[in-house]
Amino acid sequence: MSTPFLSVKNLSKTYPNGVQALRGVSFDVNPGEFLVVIGLSGSGKSTLMRCLNRLQDPTAGEIFFEGHDIGKLKSGEEIRALRRKMGMIFQHFNLIPRQSVLKNVLMGKLGQKKTAASIFGLFTDTEKSEALSNLKLVGIADKASLRADSLSGGQKQRVAIARALTQKPALLLADEPVASLDPATCHVVMDYLKKVNQELGITVIANLHFLSLVRKYATRVIALKDGEIVFTGKPEEITQEWFQKIYGEGTQDVAPDVL
């Protein structure tokens, strides 16, 4: 049996204030999947993401990525090397407002550059060409010279996707990537994440709230509730009964309709 691309085993995270964000979470991810993690706010979704790329250290459990136990990584360089393989997209974009779109995308290269080049923001023509190609992939190459703060929310998130792709990641983590966007823009951004997954073969793990988006884009779903996995399966297997178990009795999905 082949080794899973990503394997999480009995992962737990307890914060200093006593809050148990994750409780014995275990799952595997295969190459090329578009895995979506769902659950209420506070269910542990963001904590899981941050444990996967070592932004936070789990309290217990193991994470194996490409066959390596990432919990054993100790040095800053080892952890930076891990994060280069895991592109991260955040809810609030994390762009540098006064810099150009192209410069923001090139920031994805900083983790691969030597100290001097990193400090002075020196990029080669090849790197600039790659950044432009990634902007073209997400349909926003014509905005390359504009300041990031001149863009709409959806455009900013597409810049963030292009920046993550500039790292040439094997895995793309998206933590609530459309939570700050209007309904129509949600689908635009999710379409580009699907394109990255299908055309580039990059494995995607995304946290989402809305079931209609999950059913359109996910190949598999994990549901968290109070830090524990309560469902794993295909999107179409989430019945109304399961929806009520995951989100609570009387809850309704108010997501944007699938366009």
# chains A, B, ... in the order shown; residues from 1 in each chain; ligands from 1
>>> residues_around(residues="region 124-133 of chain A", least_positions_apart="4", cutoff="7 Å", atoms="only C-alpha atoms", output="ChimeraX atom specification")
/A:102,105-106,137,141,166
>>> select_by_dssp(residues="region 8-244 of chain A", states="strand (DSSP E)", output="PyMOL selection string")
chain A and resi 8-14+20-29+34-38+60-65+68-69+86-89+171-175+203-207+220-225+228-233
>>> residues_around(residues="Ala144 (chain A)", least_positions_apart="2", cutoff="10 Å", atoms="only C-alpha atoms", output="MDAnalysis selection string")
chainID A and resid 100:105 131:132 135:136 140:142 146:148 159
>>> write_last_selection(atoms="N, CA and C atoms", output="PDB file, in the first residue's frame")
ATOM      1  N   SER A 100       2.918  46.892  -5.791  1.00  0.00           N
ATOM      2  CA  SER A 100       2.198  46.477  -6.993  1.00  0.00           C
ATOM      3  C   SER A 100       1.712  45.036  -6.856  1.00  0.00           C
ATOM      4  N   VAL A 101       0.749  44.692  -7.685  1.00  0.00           N
ATOM      5  CA  VAL A 101       0.250  43.321  -7.734  1.00  0.00           C
ATOM      6  C   VAL A 101       1.392  42.356  -8.044  1.00  0.00           C
ATOM      7  N   LEU A 102       2.218  42.707  -9.039  1.00  0.00           N
ATOM      8  CA  LEU A 102       3.332  41.831  -9.408  1.00  0.00           C
ATOM      9  C   LEU A 102       4.290  41.641  -8.243  1.00  0.00           C
ATOM     10  N   LYS A 103       4.606  42.706  -7.528  1.00  0.00           N
ATOM     11  CA  LYS A 103       5.539  42.608  -6.402  1.00  0.00           C
ATOM     12  C   LYS A 103       4.950  41.729  -5.297  1.00  0.00           C
ATOM     13  N   ASN A 104       3.658  41.848  -5.082  1.00  0.00           N
ATOM     14  CA  ASN A 104       3.015  40.992  -4.086  1.00  0.00           C
ATOM     15  C   ASN A 104       3.126  39.518  -4.459  1.00  0.00           C
ATOM     16  N   VAL A 105       2.942  39.215  -5.729  1.00  0.00           N
ATOM     17  CA  VAL A 105       3.052  37.826  -6.177  1.00  0.00           C
ATOM     18  C   VAL A 105       4.488  37.326  -6.007  1.00  0.00           C
ATOM     19  N   ALA A 131       5.842  34.828 -12.229  1.00  0.00           N
ATOM     20  CA  ALA A 131       4.794  35.538 -11.482  1.00  0.00           C
ATOM     21  C   ALA A 131       3.694  36.010 -12.421  1.00  0.00           C
ATOM     22  N   LEU A 132       4.080  36.537 -13.579  1.00  0.00           N
ATOM     23  CA  LEU A 132       3.089  36.980 -14.561  1.00  0.00           C
ATOM     24  C   LEU A 132       2.262  35.809 -15.086  1.00  0.00           C
ATOM     25  N   LEU A 135      -0.309  35.068 -12.534  1.00  0.00           N
ATOM     26  CA  LEU A 135      -1.375  36.067 -12.601  1.00  0.00           C
ATOM     27  C   LEU A 135      -2.302  35.796 -13.790  1.00  0.00           C
ATOM     28  N   LYS A 136      -1.717  35.362 -14.896  1.00  0.00           N
ATOM     29  CA  LYS A 136      -2.525  35.023 -16.069  1.00  0.00           C
ATOM     30  C   LYS A 136      -3.420  33.825 -15.773  1.00  0.00           C
ATOM     31  N   ILE A 140      -5.800  37.696 -14.041  1.00  0.00           N
ATOM     32  CA  ILE A 140      -5.631  39.046 -13.523  1.00  0.00           C
ATOM     33  C   ILE A 140      -4.272  39.645 -13.921  1.00  0.00           C
ATOM     34  N   ALA A 141      -3.687  39.147 -14.997  1.00  0.00           N
ATOM     35  CA  ALA A 141      -2.380  39.632 -15.447  1.00  0.00           C
ATOM     36  C   ALA A 141      -2.418  41.109 -15.834  1.00  0.00           C
ATOM     37  N   ASP A 142      -3.581  41.590 -16.259  1.00  0.00           N
ATOM     38  CA  ASP A 142      -3.693  42.992 -16.679  1.00  0.00           C
ATOM     39  C   ASP A 142      -3.605  43.967 -15.505  1.00  0.00           C
ATOM     40  N   LEU A 146      -0.682  47.581 -11.071  1.00  0.00           N
ATOM     41  CA  LEU A 146      -1.507  48.376 -10.146  1.00  0.00           C
ATOM     42  C   LEU A 146      -1.125  48.095  -8.697  1.00  0.00           C
ATOM     43  N   ARG A 147      -1.400  49.062  -7.830  1.00  0.00           N
ATOM     44  CA  ARG A 147      -1.203  48.841  -6.407  1.00  0.00           C
ATOM     45  C   ARG A 147      -2.248  47.861  -5.898  1.00  0.00           C
ATOM     46  N   ALA A 148      -1.844  47.039  -4.959  1.00  0.00           N
ATOM     47  CA  ALA A 148      -2.745  46.010  -4.446  1.00  0.00           C
ATOM     48  C   ALA A 148      -3.984  46.607  -3.794  1.00  0.00           C
ATOM     49  N   VAL A 159      -4.880  37.438  -6.429  1.00  0.00           N
ATOM     50  CA  VAL A 159      -3.454  37.767  -6.283  1.00  0.00           C
ATOM     51  C   VAL A 159      -2.825  36.856  -5.232  1.00  0.00           C
TER      52      VAL A 159
END
>>> closest_atom_pairs(of="region 137-245 of chain A", to="region 64-81 of chain A", cutoff="12 Å", atoms="only C-alpha atoms", output="tab-separated table")
residue	atom	partner	partner_atom	distance
A:Gln167	CA	A:Ala81	CA	10.6
A:Lys168	CA	A:Ala81	CA	12.0
A:Pro169	CA	A:Ala81	CA	10.7
A:Ala170	CA	A:Glu66	CA	9.4
A:Leu171	CA	A:Phe65	CA	9.6
>>> write_last_selection(atoms="N, CA, C and O atoms", output="short mmCIF file (atom, residue, chain, number, x, y, z; two decimals), in the first residue's frame")
data_model
loop_
_atom_site.label_atom_id
_atom_site.label_comp_id
_atom_site.auth_asym_id
_atom_site.auth_seq_id
_atom_site.Cartn_x
_atom_site.Cartn_y
_atom_site.Cartn_z
N GLN A 167 5.34 29.89 -5.10
CA GLN A 167 6.17 29.00 -4.28
C GLN A 167 6.35 27.63 -4.92
O GLN A 167 7.16 26.84 -4.45
N LYS A 168 5.55 27.32 -5.94
CA LYS A 168 5.49 25.99 -6.55
C LYS A 168 5.18 24.92 -5.51
O LYS A 168 5.92 23.95 -5.32
N PRO A 169 4.06 25.10 -4.79
CA PRO A 169 3.73 24.19 -3.69
C PRO A 169 3.21 22.84 -4.19
O PRO A 169 2.66 22.74 -5.29
N ALA A 170 3.36 21.83 -3.36
CA ALA A 170 2.74 20.54 -3.61
C ALA A 170 1.34 20.51 -3.02
O ALA A 170 0.49 19.75 -3.47
N LEU A 171 1.11 21.35 -2.00
CA LEU A 171 -0.16 21.40 -1.30
C LEU A 171 -0.57 22.86 -1.11
O LEU A 171 0.27 23.70 -0.76
#
>>> residues_around(residues="Leu172 (chain A)", least_positions_apart="2", cutoff="10 Å", atoms="only C-alpha atoms", output="number ranges by chain")
A: 34, 85-89, 161, 164-165, 168-170, 174-175, 193, 196-197, 202-206
>>> atom_distance(atom1="CA of Arg84 (chain A)", atom2="CA of Ser7 (chain A)")
18.4 Å
>>> closest_residue(among="A:Val178, A:Met49, A:Met107, A:Leu35", to="Asp191 (chain A)", atoms="only C-alpha atoms")
A:Val178
